[in-house]
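A.B. asks: This is the structure I want to talk about, given as structure tokens.
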There are 6 protein chains.
Amino acid sequence: MAQKSPALENVTIFSGSAHKKLAKQMAAYLGIELSPISIKKFSNDNIEIQLGESVRRKDVYIVQPLVPPTSDHLMELLVMLDIARMSGAKSIHAVIPHYSYGRSDKKDAPRISITARLVADMLVTAGAQHIIAMTMHSPQVHGFFSIPAEHLTAHSVFVKHYRQQDLRDTVVVSPDIGNAKRASKLANALEVPLAIGQKQRISDDNVNIGSVLGEVQDKRIIIFDDEIATGGTIVELAQRLYSAGAREVSVACTHGLFLKNAKKRLDAIDQITEIVTTNTVPVRKKKRPNNLVTLEVGHIFGEVIRRTIEGESVGELFEFWPDS
Amino acid sequence: MAQKSPALENVTIFSGSAHKKLAKQMAAYLGIELSPISIKKFSNDNIEIQLGESVRRKDVYIVQPLVPPTSDHLMELLVMLDIARMSGAKSIHAVIPHYSYGRSDKKDAPRISITARLVADMLVTAGAQHIIAMTMHSPQVHGFFSIPAEHLTAHSVFVKHYRQQDLRDTVVVSPDIGNAKRASKLANALEVPLAIGQKQRISDDNVNIGSVLGEVQDKRIIIFDDEIATGGTIVELAQRLYSAGAREVSVACTHGLFLKNAKKRLDAIDQITEIVTTNTVPVRKKKRPNNLVTLEVGHIFGEVIRRTIEGESVGELFEFWPDS
Amino acid sequence: MAQKSPALENVTIFSGSAHKKLAKQMAAYLGIELSPISIKKFSNDNIEIQLGESVRRKDVYIVQPLVPPTSDHLMELLVMLDIARMSGAKSIHAVIPHYSYGRSDKKDAPRISITARLVADMLVTAGAQHIIAMTMHSPQVHGFFSIPAEHLTAHSVFVKHYRQQDLRDTVVVSPDIGNAKRASKLANALEVPLAIGQKQRISDDNVNIGSVLGEVQDKRIIIFDDEIATGGTIVELAQRLYSAGAREVSVACTHGLFLKNAKKRLDAIDQITEIVTTNTVPVRKKKRPNNLVTLEVGHIFGEVIRRTIEGESVGELFEFWPDS
Amino acid sequence: MAQKSPALENVTIFSGSAHKKLAKQMAAYLGIELSPISIKKFSNDNIEIQLGESVRRKDVYIVQPLVPPTSDHLMELLVMLDIARMSGAKSIHAVIPHYSYGRSDKKDAPRISITARLVADMLVTAGAQHIIAMTMHSPQVHGFFSIPAEHLTAHSVFVKHYRQQDLRDTVVVSPDIGNAKRASKLANALEVPLAIGQKQRISDDNVNIGSVLGEVQDKRIIIFDDEIATGGTIVELAQRLYSAGAREVSVACTHGLFLKNAKKRLDAIDQITEIVTTNTVPVRKKKRPNNLVTLEVGHIFGEVIRRTIEGESVGELFEFWPDS
Amino acid sequence: MAQKSPALENVTIFSGSAHKKLAKQMAAYLGIELSPISIKKFSNDNIEIQLGESVRRKDVYIVQPLVPPTSDHLMELLVMLDIARMSGAKSIHAVIPHYSYGRSDKKDAPRISITARLVADMLVTAGAQHIIAMTMHSPQVHGFFSIPAEHLTAHSVFVKHYRQQDLRDTVVVSPDIGNAKRASKLANALEVPLAIGQKQRISDDNVNIGSVLGEVQDKRIIIFDDEIATGGTIVELAQRLYSAGAREVSVACTHGLFLKNAKKRLDAIDQITEIVTTNTVPVRKKKRPNNLVTLEVGHIFGEVIRRTIEGESVGELFEFWPDS
Amino acid sequence: MAQKSPALENVTIFSGSAHKKLAKQMAAYLGIELSPISIKKFSNDNIEIQLGESVRRKDVYIVQPLVPPTSDHLMELLVMLDIARMSGAKSIHAVIPHYSYGRSDKKDAPRISITARLVADMLVTAGAQHIIAMTMHSPQVHGFFSIPAEHLTAHSVFVKHYRQQDLRDTVVVSPDIGNAKRASKLANALEVPLAIGQKQRISDDNVNIGSVLGEVQDKRIIIFDDEIATGGTIVELAQRLYSAGAREVSVACTHGLFLKNAKKRLDAIDQITEIVTTNTVPVRKKKRPNNLVTLEVGHIFGEVIRRTIEGESVGELFEFWPDS
């Protein structure tokens with residue numbers, strides 16, 4: 001828990017309905033309580049929200065990861081921002097542990113939307129003046145925001161986790177080129193080699209791993225990705241690595257959603273010894289894979305909030321830091 | 001169907017997933033086809049949309065009422081607008097037959113959102129340059145838009161419907177003061193008296209009709225409201241009118257949602273002889289009250305689209321026209 | 001008078017030329033003086049204003065109701081806001097006791113302006129960051145502002161006034177449906193019934209009261225409206241109520257302008273026992289109806305300014321509060 | 001009159017109430033009629049305007065010089081722009097023959113407003129997309145607009161007027177340094193010398209001419225200024241020139257307002273042989289000085305409108321053209 | 001050359017001083033001439049530009065790659081856009097063959113600028129309504145623009161070039177992970193394997209290639225990158241590949257700048273058999289490496305301009321197209 | 001040096017590469033150090049900047065005159081502003097001692113840019129919230145900024161300088177009408193007469209002084225201008241004055257650039273006894289004319305920064321103050 005300072009007196013934290021538990025961790029880190037809020041739906045399915053405490057001249061932090069039902073949670077976030085803005089808040093901060101729309105960050109087909117930019121603009125329209133998010137799909141998503149953003153990483157908790165293991169003959173594998181820079185950074189920190197899969201997406205839930213660049217035979221594998229939704233990519237890659245002679249597989253991802261039959265698919269792969277994720281996304285008990293390990297990141301958000309309040313630099317908590 | 005003109009050559013109509021049938025009526029009125037579109041969800045619940053046809057330098061009309069699941073449908077609409085904007089459309093028109101958030105048009109509690117304004121601003125952020133909507137909750141919602149808006153009315157189809165009935169001893173009743181102006185306009189057109197209920201909302205789905213101003217005893221009643229969601233207000237009012245000596249009740253509303261147990265509640269009231277609504281909202285068969293009468297309004301939207309394309313005045317199709 | 005706090009040290013209040021007396025009441029409530037200002041016209045009829053005191057890093061409140069000559073007073077307000085903005089004020093608050101353009105809040109004819117929205121946007125363009133107004137024409141006007149707004153009510157002073165009277169056999173009458181919600185709230189607070197006139201506007205200054213819903217015979221009447229300009233509606237309604245058997249009439253309105261021959265017309269109606277208004281609008285002595293009672297509301301504005309400065313909630317001073 | 005072209009079919013011209021006669025000249029030049037408009041005031045002094053003709057997809061020109069009562073005329077202009085914008089006009093052009101606020105173009109005292117910029121921003125907020133004005137106070141006012149602007153000059157009509165006179169021993173005199181560049185341009189065109197007064201403004205209507213740079217003794221003088229309001233500067237300068245030995249004085253100004261006792265003051269100076277102005281400002285008959293000569297400029301506006309419609313260059317009609 | 005159509009009549013193309021030759025190719029493709037322009041510097045080093053032809057109601061295309069001196073060329077582009085906007089152009093398109101600031105697309109150190117976003121916003125501020133660029137540093141840079149953008153690729157010309165060669169035992173090598181997706185696409189099209197270097201940047205001009213993932217021994221190499229500035233990365237990688245047993249190296253890059261001593265450094269490496277680039281960047285003769293092959297891309301820009309004018313889809317010319 | 005106050009604790013000053021020495025003077029006046037900054041160019045000529053100290057919640061002042069290489073210095077300034085904005089600065093102030101683009105303040109030819117406005121808008125886009133500049137080309141440039149601006153003058157240091165001289169038979173001469181107001185103010189302060197040259201610009205670096213209004217024979221001359229670039233105007237005017245019988249010439253200008261062969265040209269004129277300028281522009285030793293006198297203005301900037309921090313009025317340091 002952070003040292004309580006006078007600047008914290010003016011801070012108010014609200015949580016949307018997506019992940020109250022994580023918001024509480026942040027508040028606890030700061031030594032304060034979540035402020036009360038009422039979130040309902042009108043009989044016609046419209047979102048209906050009332051903040052339970054005055055925000056006038058307050059520094060308001062609103063916590064909401066964009067997890068399913070994603071549209072409802074996004075709409076909640078927008079309405080909360082609007083209320084804070086129109087009720088005279090002094091500053092308004094959107095804390096979005098999982099910015100799922102970061103995935104739509106480029107135009108790789110005609111007449112589609114770079115929704116990561118659209119949502120960024122909508123957050124600003126609604127009143128956000130500052131964004132705090134963790135491991136957005138690519139580092140460039142940062143530049144979609146026209147307001148200050150802190151792009152945090154869970155790198156430190158993953159490094160801490162794996163350093164407790166025997167890393168001889170271990171290789172970090174990125175499922176595809178797009179995520180390879182992050183995987184490379186983990187490999188560097190763990191002082192193990194890197195390998196890269198050449199994923200080709202056949203459909204949203206159906207991928208083909210063309211080949212793997214780098215040595216994997218007789219290796220212990222750490223697959224590292226940013227998001228697991230239904231687990232399709234991981235299952236495909238784990239099998240492919242096994243065929244290529246890999247010994248066993250630890251799966252690590254920042255945002256573990258485990259939707260649809262992800263648990264069943266992942267539990268079925270014997271070579272997967274553990275699935276390591278953070279708590280940016282709430283997962284109901286019965287949806288959790290058997291060997292799930294959840295690393296807590298609430299303190300990282302808590303610390304960055306504390307620093308923005310105190311006017312301290314938050315640089316060293318950022319994503320995509322040059323390796324030292 | 002409208003006379004086909006050269007200006008129509010440049011028009012493209014897309015429908016979101018909310019109400020394709022109504023969008024088709026509009027297109028048919030104009031003598032064109034809906035343009036193809038793919039609307040899906042990514043495995044992580046993000047909306048994924050691709051327009052199936054070039055919109056470059058086209059006049060693009062996007063049809064989507066805000067009906068349940070409302071957040072998803074709103075998000076679809078925003079993404080479609082964004083695609084049209086970023087793909088070089090010449091003009092972009094959002095056709096929103098039911099703008100459900102119009103209901104959140106004032107701040108009648110502290111720290112709530114005037115969401116009707118927020119959504120208006122989000123539509124503009126996403127790319128809307130023109131709005132076409134029918135019977136928004138209050139006429140002032142028009143002023144929430146910073147772009148041209150056509151606020152249409154189904155008045156004409158209701159008048160046509162009721163003029164076919166015997167209107168002796170008939171009274172139009174507004175459930176509350178807020179909607180009374182619209183009810184008054186219907187009453188004037190039908191040349192019958194008006195009565196007004198004094199609704200007090202106890203909770204979103206639980207209302208109390210304090211008293212009714214105006215004569216209802218021994219009368220045939222036309223209850224006129226803008227939206228029926230779960231039917232709570234109507235049921236309460238119908239019973240109250242019956243206690244006050246009303247003979248029978250025809251219920252009319254522009255936007256008939258019939259959510260949750262609305263059908264069951266309404267079917268249980270014997271005095272309700274018919275429920276008249278328009279097709280701004282799609283209602284699945286098994287959700288429809290037994291005595292539902294649906295009046296089609298696709299041609300009204302079609303005609304207003306035609307006129308905006310041809311550069312003709314649309315004034316006489318508006319809501320809140322002074323009675324002549 | 002409010003308790004003087006350190007936050008008040010940083011507050012500066014300027015008054016335009018519309019209603020210096022009311023601005024002084026607000027300043028006095030806060031225990032400060034109005035800041036000096038010079039307001040003139042150049043020889044070519046341009047507005048010429050100079051603030052008489054530095055506003056750099058100050059919380060600046062600018063008081064100006066939009067009363068005749070309305071265009072000049074609006075222009076003064078815009079220029080004052082512009083000066084504050086461009087001279088480095090910390091925060092800029094427009095206090096507009098009577099926002100007369102609130103009346104133009106809907107498009108009830110083709111090719112007219114929703115001027116209430118236009119003026120809201122102009123105020124923001126000029127530099128307003130916060131609006132404080134009383135009883136705007138409809139609660140939705142609140143949503144026309146893209147900045148925080150406090151929509152205050154004089155409800156409490158009217159209730160206090162009428163509770164001193166014998167309210168037996170009294171009915172509150174709203175001249176038309178549009179204002180009926182406010183009248184209903186007053187009726188509820190006074191625990192008397194409500195009646196509603198069905199006003200039809202023939203021209204701006206010529207109205208016809210079609211009928212009155214609710215009991216008025218042998219009643220003492222409180223007509224309650226938001227604005228009296230030339231008194232046309234009141235005179236017509238009072239006569240109509242008298243014909244319908246009403247005993248006597250008390251007229252209440254928040255904004256009493258009493259323009260043109262309003263005094264003469266109102267003085268001529270014997271049944272009007274008193275005309276109760278607030279001091280949001282300055283009325284020259286010779287324009288005041290004989291039986292005018294003016295209720296002061298300066299303290300309500302003073303209190304809301306104090307609370308916004310101190311960061312306290314202002315919710316309970318709002319218009320359109322749910323009745324408790 | 002211009003050759004009628006197909007592009008003109010789509011043009012609509014409305015005039016505010018400031019100067020219908022000049023607007024008619026422009027329309028006549030284009031071979032079209034002014035479109036009907038209703039301009040009134042509500043009983044509470046609010047501006048009430050209705051355009052009498054559809055503007056949907058039209059190129060709309062709105063003519064209004066900012067002449068007394070200036071605030072009312074400015075407000076009319078803003079409302080007309082707003083209506084055009086919100087009614088779906090294709091393009092919106094504000095034709096402001098006299099942009100009187102151009103005079104407030106610098107901050108020559110603390111805590112005043114550069115109102116020329118504020119008004120420019122307000123016009124854009126209201127919907128203007130293009131400005132056409134004549135001889136604004138300084139050429140830099142052009143840069144206050146964030147939209148295309150045509151800054152026209154009456155130079156050609158003044159040159160034509162004076163070339164018909166005997167210009168031997170004639171000097172063009174600018175009353176002050178600020179206007180000297182324009183006067184210099186006229187002197188160059190007439191091939192006569194220039195002299196410059198050193199005006200010091202004591203108050204808005206009271207100036208002192210410190211000295212005159214350049215030869216004026218035994219000369220025939222053409223005083224050239226941009227605006228005459230009450231005539232104070234001209235009277236002071238004419239007398240001063242007379243004392244310095246000038247023979248006779250012709251006064252020329254683009255915008256002749258002749259407010260208050262201007263006529264009386266000017267008529268009293270015998271040395272003033274003529275007062276030459278344009279018709280950018282309407283002057284009632286009884287306000288006109290005896291020896292007033294009015295040069296018509298409607299055709300210049302007409303021609304620039306024609307060119308902007310036809311997509312032709314309007315460069316050679318501009319103010320501040322380098323002398324050839 | 002494209003078929004000349006009526007829509008082309010309205011098109012005007014201007015070139016800044018960066019690369020007139022390429023602009024001419026585009027114009028020639030469309031069958032028109034570049035419009036005249038004067039670009040100079042004032043004596044105080046300010047940029048001074050005059051367009052030599054009216055742009056009123058024209059579709060204006062302004063061609064300027066951001067090549068050294070980059071700040072001057074960027075400023076020229078901004079000024080040209082501003083002139084087009086303020087002179088009444090109908091539409092304004094910035095054609096930026098090399099958007100060099102695309103490289104600053106993420107925040108990989110504290111307190112640096114995502115300048116790719118800043119420059120995008122500046123282009124919009126200056127008047128750009130549409131962007132046409134080729135191979136920006138990452139596909140996400142597309143999302144930095146708040147206006148429609150066409151992100152083109154030279155993929156087709158590289159494929160055509162290499163298909164004429166013997167591709168047995170050939171490997172495409174990406175110098176680093178960041179560019180690997182593009183290299184992968186080229187490898188796929190050529191049906192050869194991919195290898196990826198693990199570049200670590202020590203300073204801007206000093207890189208270390210940690211290791212190479214994939215087989216390179218006894219292979220013919222095609223190094224594929226997006227930009228060569230001083231050639232540091234290429235030289236380091238070529239040497240490293242040679243040590244690893246590669247046979248010979250063909251270097252390919254979209255944007256070949258060849259600054260400082262690039263020619264000398266590259267000419268010194270014998271294994272480099274050819275350096276293939278496009279003509280997005282002008283290179284003076286004496287700066288060109290000996291074995292430089294320049295592929296022309298003017299027709300790609302010409303075709304995309306033609307299609308945007310004609311309202312045709314440009315999808316198939318895009319970057320980051322899914323492999324078919 | 002200013003009295004150190006608590007408000008200064010929160011201030012951070014960065015200097016771009018244009019004029020570090022002047023920035024240091026400002027910091028020294030405030031009793032603080034310049035904050036560290038790294039300014040480089042990437043190998044592709046892109047600007048690369050990193051602020052060396054956290055700016056979160058700081059009042060950030062960024063000092064950069066727009067001097068050659070002007071485009072680079074402007075781009076540096078924009079990037080620094082962007083970093084401050086995106087790193088959470090509390091307030092951002094651009095201190096631009098010489099705003100060279102102020103010269104492009106009007107449209108005196110077709111299809112040119114009012115670049116002074118464009119640059120103002122770009123500064124705001126990049127993040128500037130407040131501008132501090134000295135002697136911009138005309139007072140109207142102030143109005144090009146949509147944010148608060150302090151337009152400072154070096155008037156006081158020039159007056160102090162000249163009051164130490166024998167001013168008998170002295171005349172202040174403005175080279176042209178445009179600058180005459182400033183020269184007039186200096187003349188008034190020194191209680192000497194004014195004369196005005198009638199400059200005609202043949203090309204950017206070639207002017208012709210048509211004639212001089214006012215007495216110069218046998219006079220000692222003070223030529224007063226705002227900027228000397230290559231000295232063309234001064235040389236031409238000095239020679240012309242000499243021919244007209246002037247005795248000797250002191251040249252004064254606020255912004256002394258002395259570019260190209262200015263030193264040589266000015267040194268060649270014997271009658272020029274001194275050239276007085278301020279240190280808003282850095283001049284390398286070998287570029288300085290022999291008789292250059294540099295007056296320091298760092299304290300003026302320091303004082304205005306101190307006052308804006310302390311919330312004091314800065315009015316009396318402004319340009320274009322009415323003479324007292």
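Here's how to read the names in the structure tokens: chain A, B, ... by the order shown, residue numbers from 1 in each chain, ligand numbers from 1 in the order shown.
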Could you write out as a list in words the residues of chain D within 7 Å of chain B, counting only C-alpha atoms?
C.D. replies: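 On the chain D side, the interface is Ser54, Arg56, Arg57, Met86, Ser87 and Gly88 of chain D.
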A.B. asks: Take the residues that were just selected and, keeping N, CA and C atoms, output them as a compact mmCIF listing (two decimals), in the first residue's frame.
C.D. replies:
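The new file selection-v9.txt reads:
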# COMPACT_ATOMS: atom_id res chain seq x y z
N SER D 54 -37.07 26.36 -49.02
CA SER D 54 -36.16 25.26 -48.69
C SER D 54 -34.73 25.59 -49.12
N ARG D 56 -32.32 23.07 -48.68
CA ARG D 56 -31.68 21.75 -48.74
C ARG D 56 -30.86 21.63 -50.03
N ARG D 57 -29.57 21.30 -49.85
CA ARG D 57 -28.65 21.12 -50.99
C ARG D 57 -28.50 22.36 -51.86
N MET D 86 -28.58 23.83 -40.28
CA MET D 86 -29.36 22.74 -39.73
C MET D 86 -30.47 22.27 -40.69
N SER D 87 -30.65 23.01 -41.76
CA SER D 87 -31.66 22.60 -42.75
C SER D 87 -31.02 21.97 -43.97
N GLY D 88 -29.75 21.63 -43.88
CA GLY D 88 -29.12 20.84 -44.93
C GLY D 88 -28.65 21.61 -46.15
A.B. asks: Once DSSP has gone over the backbone, tell me which residues of segment 80-191 of chain D are in helix (DSSP H, G or I), as a PyMOL selection string.
C.D. replies: chain D and resi 80-86+100-103+115-126+139-144+155-163+177-190
A.B. asks: Quick one: pull the distance between atom CA of Tyr101 of chain D and atom CA of Ala252 of chain D, Å, one decimal.
C.D. replies: 20.3 Å
A.B. asks: Could you list, as a ChimeraX atom specification, every residue within 10 Å of Glu48 of chain F, counting only C-alpha atoms and ignoring same-chain residues fewer than 3 positions away?
C.D. replies: /E:104,112-113,115,204 /F:38-43,45,76,79-80
A.B. asks: Grab the residues selected above and save them as a compact mmCIF listing (two decimals), in the first residue's frame with all heavy atoms.
C.D. replies:
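Final file, selection-v7.txt:
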# COMPACT_ATOMS: atom_id res chain seq x y z
N SER E 104 8.31 7.49 -36.02
CA SER E 104 8.07 7.86 -34.62
C SER E 104 6.64 7.50 -34.27
O SER E 104 5.79 8.36 -34.07
CB SER E 104 8.32 9.36 -34.45
OG SER E 104 9.65 9.69 -34.79
N ILE E 112 9.11 11.42 -24.90
CA ILE E 112 9.36 11.65 -26.32
C ILE E 112 8.00 11.85 -26.98
O ILE E 112 6.96 11.71 -26.34
CB ILE E 112 10.12 10.49 -26.98
CG1 ILE E 112 9.27 9.22 -26.95
CG2 ILE E 112 11.47 10.26 -26.31
CD1 ILE E 112 9.79 8.12 -27.85
N SER E 113 8.02 12.16 -28.25
CA SER E 113 6.79 12.46 -28.97
C SER E 113 6.45 11.34 -29.95
O SER E 113 7.35 10.80 -30.59
CB SER E 113 7.00 13.76 -29.75
OG SER E 113 6.04 13.90 -30.78
N THR E 115 5.58 11.44 -32.90
CA THR E 115 5.52 12.53 -33.87
C THR E 115 4.69 12.15 -35.09
O THR E 115 4.13 13.02 -35.77
CB THR E 115 6.94 12.95 -34.29
OG1 THR E 115 7.78 12.94 -33.14
CG2 THR E 115 6.94 14.34 -34.87
N ASP E 204 21.00 5.92 -32.80
CA ASP E 204 20.22 6.08 -34.03
C ASP E 204 20.94 5.49 -35.23
O ASP E 204 20.31 4.93 -36.13
CB ASP E 204 19.95 7.57 -34.27
CG ASP E 204 19.29 7.82 -35.62
OD1 ASP E 204 18.22 7.23 -35.85
OD2 ASP E 204 19.85 8.57 -36.43
N SER F 38 17.26 16.79 -24.72
CA SER F 38 18.12 16.26 -25.78
C SER F 38 17.45 16.53 -27.11
O SER F 38 16.30 16.14 -27.33
CB SER F 38 18.30 14.74 -25.57
OG SER F 38 18.62 14.12 -26.80
N ILE F 39 18.13 17.25 -27.99
CA ILE F 39 17.58 17.58 -29.31
C ILE F 39 18.56 17.08 -30.36
O ILE F 39 19.70 17.51 -30.41
CB ILE F 39 17.38 19.10 -29.46
CG1 ILE F 39 16.46 19.62 -28.35
CG2 ILE F 39 16.83 19.44 -30.84
CD1 ILE F 39 16.22 21.12 -28.40
N LYS F 40 18.11 16.14 -31.17
CA LYS F 40 18.96 15.59 -32.23
C LYS F 40 18.14 15.42 -33.50
O LYS F 40 16.97 15.77 -33.55
CB LYS F 40 19.51 14.24 -31.77
CG LYS F 40 20.55 14.34 -30.67
CD LYS F 40 21.18 12.99 -30.36
CE LYS F 40 20.22 12.12 -29.55
NZ LYS F 40 20.85 10.91 -29.02
N LYS F 41 18.81 14.87 -34.51
CA LYS F 41 18.07 14.45 -35.69
C LYS F 41 18.32 12.96 -35.90
O LYS F 41 19.43 12.47 -35.72
CB LYS F 41 18.54 15.24 -36.92
CG LYS F 41 17.98 16.65 -36.95
CD LYS F 41 17.97 17.20 -38.36
CE LYS F 41 17.24 18.52 -38.42
NZ LYS F 41 17.23 19.07 -39.79
N PHE F 42 17.24 12.25 -36.26
CA PHE F 42 17.42 10.86 -36.69
C PHE F 42 18.23 10.86 -37.98
O PHE F 42 18.38 11.89 -38.66
CB PHE F 42 16.06 10.20 -36.95
CG PHE F 42 15.30 9.86 -35.71
CD1 PHE F 42 14.22 10.62 -35.32
CD2 PHE F 42 15.65 8.75 -34.94
CE1 PHE F 42 13.49 10.30 -34.18
CE2 PHE F 42 14.94 8.43 -33.81
CZ PHE F 42 13.85 9.20 -33.42
N SER F 43 18.71 9.67 -38.35
CA SER F 43 19.54 9.59 -39.55
C SER F 43 18.74 9.99 -40.80
O SER F 43 19.31 10.34 -41.82
CB SER F 43 20.09 8.18 -39.71
OG SER F 43 19.03 7.25 -39.79
N ASP F 45 16.81 12.59 -41.01
CA ASP F 45 16.57 14.03 -40.90
C ASP F 45 15.32 14.38 -40.10
O ASP F 45 14.95 15.55 -39.99
CB ASP F 45 16.51 14.70 -42.28
CG ASP F 45 16.83 16.18 -42.20
OD1 ASP F 45 17.83 16.52 -41.53
OD2 ASP F 45 16.09 17.00 -42.78
N GLU F 76 10.92 21.82 -33.99
CA GLU F 76 11.37 21.52 -32.62
C GLU F 76 10.35 22.01 -31.59
O GLU F 76 9.98 21.29 -30.66
CB GLU F 76 12.69 22.24 -32.32
CG GLU F 76 13.94 21.59 -32.84
CD GLU F 76 15.19 22.36 -32.41
OE1 GLU F 76 15.10 23.22 -31.50
OE2 GLU F 76 16.26 22.11 -33.00
N VAL F 79 7.25 19.85 -31.53
CA VAL F 79 7.49 18.55 -30.89
C VAL F 79 7.61 18.71 -29.38
O VAL F 79 7.06 17.91 -28.61
CB VAL F 79 8.74 17.88 -31.49
CG1 VAL F 79 9.14 16.65 -30.68
CG2 VAL F 79 8.50 17.48 -32.95
N MET F 80 8.30 19.75 -28.94
CA MET F 80 8.42 19.97 -27.49
C MET F 80 7.04 20.19 -26.85
O MET F 80 6.75 19.66 -25.78
CB MET F 80 9.33 21.17 -27.21
CG MET F 80 10.80 20.90 -27.49
SD MET F 80 11.87 22.29 -27.00
CE MET F 80 11.55 23.45 -28.34
A.B. asks: To one decimal place, how far is atom CA of Lys106 of chain C from atom CA of Arg182 of chain B in Å?
C.D. replies: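 One can read the atom CA of Lys106 of chain C to atom CA of Arg182 of chain B distance as 13.7 Å.
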A.B. asks: Between atom CA of Pro65 of chain E and atom CA of His142 of chain E, measure the distance and give it in Å to one decimal.
C.D. replies: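 Atom-to-atom, atom CA of Pro65 of chain E and atom CA of His142 of chain E are spaced 16.2 Å apart.
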A.B. asks: Using only C-alpha atoms, determine which residues lie at most 12 Å from Arg240 of chain F, disregarding the query and same-chain residues fewer than 2 positions distant; provide the list as a PyMOL selection string.
C.D. replies: chain F and resi 173+175+197-199+207-212+216-217+221+233-238+242-249+269+271
A.B. asks: Looking only at strand (DSSP E or B) from DSSP on the backbone, list the matching residues of segment 69-200 of chain E as a list in words.
C.D. replies: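 Filtering segment 69-200 of chain E to strand (DSSP E or B) leaves Ser91, Ile92, His93, Ala94, Val95, Ile96, His130, Ile131, Ile132, Ala133, Met134, Ala149, Glu150, His151, Leu152, Thr170, Val171, Val172, Val173, Ser174, Leu194, Ala195, Ile196, Gly197, Gln198, Lys199 and Gln200 of chain E.
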